[in-house]
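Enquirer: My questions all concern the structure below.
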Amino acid sequence: MTLLFPMNQPPSPGLYIVATPIGNLGDLTVRAADLLRAADLVLAEDKRVSLRLLAHIGAKVPMRTYNDHSDTADREAIVGRLASEVVALVSDAGTPLISDPGYKLVRDARIAGHNIVTLPGPCAAVAAMTVAGLPTDRFLFLGFLPPKEKARSDTIAEVAAIRATLVFYESGPRLATSLASLAARLGEREAAVARELTKMHEECVTGTLAELAGRYAEAPPRGEIVIVVGPPAEATAASEGDLDAALQAALAAGASPSRAAAAVAQELGVRRKRAYERALELGR
């Protein structure tokens, strides 16, 4: 096997963002394995998890914890080593910084003028989209939904009208609740629940949000989960008859042409100018 970094040409000092397997250890790239063996330090979200990966590739490298609890002093100490050492940042699974800590470290390293290199690889969000059978030309990754009901509902409402596939991470115990919240706010959209990707019990279950919420209500699944929700259906353009009927109803209820136009434009998704001009015609 040809090494990416031959012994006479070791990697340059700096920060290396290294994607790791989301389940199947065979998904670690050759380039990532070579870099991890050559590193002076591995920054691990959980050292116990990363130790298994390093043992798998025969790498004996010092590790330091870097996670959500790491503070400014931790980052300063790490950045201080980048001028002379090869430091690899890994997460427990997948690509670092994708719903994982790390962007502040990358930002500080860049400000300090250090070498920053990414070694791409597995990512659960992208893997789930490839098997979900939903549009992938536009997507929005939202990480984990808030645990509290109001915050969760507000977050979903903010993205309800976005014409893109939505991607969320979720845990087994919270899956049915999150699916029910999505169904309540987004309606009967097609969706997929991808679970344990690349592992022995990998599955991808599809259906409407309501169907999936019912499926998992009584039997919360185990493992790492990704929810993929299709974009809203294409809105049907309002006809002249629809516009006239809505405006006439508003005018008959006592609304002024301006107020009737504003309400109907929002209801039917038509331009306010068009609705107002028609309201004036009907009023005459």
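In the structure tokens, each chain is lettered A, B, ... as it comes, each chain's residues begin at 1, and ligands are numbered from 1 in order of appearance.
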List every residue of segment 39-254 of chain A that DSSP, applied to the backbone, labels as strand (DSSP E), and write the result as JSON, numbers by chain.

Expert: {"A": [41, 42, 43, 44, 63, 64, 65, 86, 87, 88, 89, 90, 116, 117, 118, 119, 139, 140, 141, 142, 143, 144, 165, 166, 167, 168, 169, 170, 190, 191, 192, 193, 194, 195, 203, 204, 205, 206, 207, 208, 225, 226, 227, 228, 229]}

Enquirer: Go through segment 129-191 of chain A and flag each residue having an atom no more than 10 Å from segment 98-118 of chain A; for those, report the closest pair of atoms plus their distance in Å to one decimal, using only C-alpha atoms, ordered by chain and rising number, as a tab-separated table.

Expert:
residue	atom	partner	partner_atom	distance
A:Phe141	CA	A:Ile98	CA	9.1
A:Leu142	CA	A:Ser99	CA	8.5
A:Gly143	CA	A:Ser99	CA	5.6
A:Phe144	CA	A:Ser99	CA	7.9
A:Phe168	CA	A:Ser99	CA	9.9
A:Tyr169	CA	A:Ser99	CA	8.5

Enquirer: Can those selected residues be exported to a file as a tab-separated table (two decimals), in the first residue's frame so that it contains C-alpha atoms?

Expert:
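Heads up, here's the output in again.tsv:
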chain	number	residue	atom	x	y	z
A	141	PHE	CA	-29.27	20.41	7.51
A	142	LEU	CA	-30.70	21.36	10.90
A	143	GLY	CA	-28.92	19.05	13.35
A	144	PHE	CA	-30.98	18.04	16.40
A	168	PHE	CA	-32.31	16.24	11.08
A	169	TYR	CA	-30.35	14.08	13.52

Enquirer: Could you make a table, as JSON lines, of the residues of segment 6-107 of chain A that have an atom within 12 Å of an atom of segment 183-200 of chain A, each with its nearest atom pair and distance in Å to one decimal, counting only C-alpha atoms, in chain and number order?

Expert:
{"residue": "A:Pro21", "atom": "CA", "partner": "A:Thr198", "partner_atom": "CA", "distance": 8.6}
{"residue": "A:Ile22", "atom": "CA", "partner": "A:Thr198", "partner_atom": "CA", "distance": 7.0}
{"residue": "A:Gly23", "atom": "CA", "partner": "A:Lys199", "partner_atom": "CA", "distance": 5.4}
{"residue": "A:Asn24", "atom": "CA", "partner": "A:Thr198", "partner_atom": "CA", "distance": 5.5}
{"residue": "A:Leu25", "atom": "CA", "partner": "A:Thr198", "partner_atom": "CA", "distance": 9.1}
{"residue": "A:Gly26", "atom": "CA", "partner": "A:Thr198", "partner_atom": "CA", "distance": 9.5}
{"residue": "A:Asp27", "atom": "CA", "partner": "A:Thr198", "partner_atom": "CA", "distance": 8.6}
{"residue": "A:Leu28", "atom": "CA", "partner": "A:Thr198", "partner_atom": "CA", "distance": 11.8}
{"residue": "A:Ala93", "atom": "CA", "partner": "A:Leu197", "partner_atom": "CA", "distance": 11.3}
{"residue": "A:Gly94", "atom": "CA", "partner": "A:Leu197", "partner_atom": "CA", "distance": 11.1}

Enquirer: For segment 76-82 of chain A, find every residue with an atom within 6 Å (counting only C-alpha atoms), except residues of its own chain fewer than 2 positions away, and show them as a list in words.

Expert: Pro13, Gly14, Ala73, Asp74, Ser84, Glu85 and Ala109 of chain A

Enquirer: Store the residues picked out above, limited to C-alpha atoms, as a PDB file, in the first residue's frame.

Expert:
ATOM      1  CA  PRO A  13       2.382  21.043  10.711  1.00  0.00           C
ATOM      2  CA  GLY A  14      -1.150  22.302  11.088  1.00  0.00           C
ATOM      3  CA  ALA A  73      -7.920  28.247  27.129  1.00  0.00           C
ATOM      4  CA  ASP A  74      -8.146  24.791  25.540  1.00  0.00           C
ATOM      5  CA  SER A  84       5.282  22.759  14.842  1.00  0.00           C
ATOM      6  CA  GLU A  85       2.948  19.760  15.172  1.00  0.00           C
ATOM      7  CA  ALA A 109      -6.320  28.437  13.745  1.00  0.00           C
TER       8      ALA A 109
END

Enquirer: Please report the interatomic distance between atom CA of Val270 of chain A and atom CA of Ser239 of chain A in Å with one decimal.

Expert: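 Atom CA of Val270 of chain A sits 9.8 Å away from atom CA of Ser239 of chain A.
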
Enquirer: Between A:Leu280, A:Val18, A:Glu170, A:Leu134, which residue has the minimum interatomic distance to Val30 of chain A, considering only C-alpha atoms?

Expert: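 Checking each of A:Leu280, A:Val18, A:Glu170, A:Leu134 against Val30 of chain A, counting only C-alpha atoms, the winner is A:Val18.
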
Enquirer: Provide the atom CA of Leu89 of chain A to atom CA of Ser171 of chain A distance in Å, to one decimal place.

Expert: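 Separating atom CA of Leu89 of chain A from atom CA of Ser171 of chain A is a distance of 24.1 Å.
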
Enquirer: Choose the residue, out of A:Ala161, A:Leu36, A:Ala19, A:Ala265, that has the smallest atom-to-atom separation from Pro96 of chain A; count only C-alpha atoms.

Expert: A:Ala19

Enquirer: Could you make a table, as a tab-separated table, of the residues of segment 72-156 of chain A that have an atom within 8 Å of an atom of segment 206-227 of chain A, each with its nearest atom pair and distance in Å to one decimal, counting only C-alpha atoms, in chain and number order?

Expert:
residue	atom	partner	partner_atom	distance
A:Ala124	CA	A:Val226	CA	7.2
A:Ala125	CA	A:Val226	CA	6.6
A:Ala128	CA	A:Val226	CA	6.5
A:Ala132	CA	A:Thr206	CA	7.2

Enquirer: Take the residues that were just selected and, keeping all heavy atoms, output them as an mmCIF file, in the first residue's frame.

Expert:
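Below you can see selection.cif, which holds the result:
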data_model
loop_
_atom_site.group_PDB
_atom_site.id
_atom_site.type_symbol
_atom_site.label_atom_id
_atom_site.label_comp_id
_atom_site.auth_asym_id
_atom_site.auth_seq_id
_atom_site.Cartn_x
_atom_site.Cartn_y
_atom_site.Cartn_z
ATOM 1 N N ALA A 124 -23.178 11.193 8.139
ATOM 2 C CA ALA A 124 -24.475 10.528 8.257
ATOM 3 C C ALA A 124 -25.574 11.260 7.505
ATOM 4 O O ALA A 124 -26.460 10.637 6.905
ATOM 5 C CB ALA A 124 -24.844 10.380 9.731
ATOM 6 N N ALA A 125 -25.550 12.598 7.537
ATOM 7 C CA ALA A 125 -26.598 13.376 6.865
ATOM 8 C C ALA A 125 -26.587 13.115 5.363
ATOM 9 O O ALA A 125 -27.643 12.877 4.747
ATOM 10 C CB ALA A 125 -26.399 14.862 7.143
ATOM 11 N N ALA A 128 -27.650 9.449 4.548
ATOM 12 C CA ALA A 128 -29.091 9.239 4.652
ATOM 13 C C ALA A 128 -29.813 9.746 3.415
ATOM 14 O O ALA A 128 -30.758 9.111 2.923
ATOM 15 C CB ALA A 128 -29.626 9.930 5.900
ATOM 16 N N ALA A 132 -32.640 7.812 0.886
ATOM 17 C CA ALA A 132 -34.003 8.206 1.227
ATOM 18 C C ALA A 132 -34.931 8.270 0.016
ATOM 19 O O ALA A 132 -36.145 8.139 0.150
ATOM 20 C CB ALA A 132 -33.993 9.554 1.943
#

Enquirer: Within 9 Å of Arg278 of chain A, counting only C-alpha atoms, which residues show up once you throw out same-chain ones fewer than 5 positions away? Write them as a CSV table (one decimal) with N, CA, C and O atoms, in the first residue's frame, please.

Expert:
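part05.csv was written with the following content:
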chain,number,residue,atom,x,y,z
A,243,LEU,N,-59.3,33.9,-7.2
A,243,LEU,CA,-59.0,35.3,-6.7
A,243,LEU,C,-60.3,36.1,-6.5
A,243,LEU,O,-60.5,36.7,-5.5
A,244,ASP,N,-61.1,36.0,-7.6
A,244,ASP,CA,-62.4,36.8,-7.5
A,244,ASP,C,-63.2,36.3,-6.3
A,244,ASP,O,-63.8,37.2,-5.6
A,247,LEU,N,-61.8,37.5,-3.0
A,247,LEU,CA,-61.9,39.0,-2.9
A,247,LEU,C,-63.3,39.4,-2.6
A,247,LEU,O,-63.6,40.3,-1.7
A,257,PRO,N,-60.8,47.6,0.0
A,257,PRO,CA,-60.1,46.9,-1.1
A,257,PRO,C,-58.6,46.6,-0.7
A,257,PRO,O,-58.1,45.6,-1.1
A,261,ALA,N,-57.3,42.9,-0.4
A,261,ALA,CA,-56.2,42.5,-1.2
A,261,ALA,C,-55.0,41.9,-0.4
A,261,ALA,O,-54.4,40.9,-0.8
A,273,LYS,N,-50.2,43.5,-5.6
A,273,LYS,CA,-50.6,44.5,-6.6
A,273,LYS,C,-51.8,43.9,-7.4
A,273,LYS,O,-52.7,44.6,-7.7
A,283,GLY,N,-64.9,46.2,-6.7
A,283,GLY,CA,-65.6,47.1,-5.9
A,283,GLY,C,-66.5,48.1,-6.7
A,283,GLY,O,-67.5,48.6,-6.2
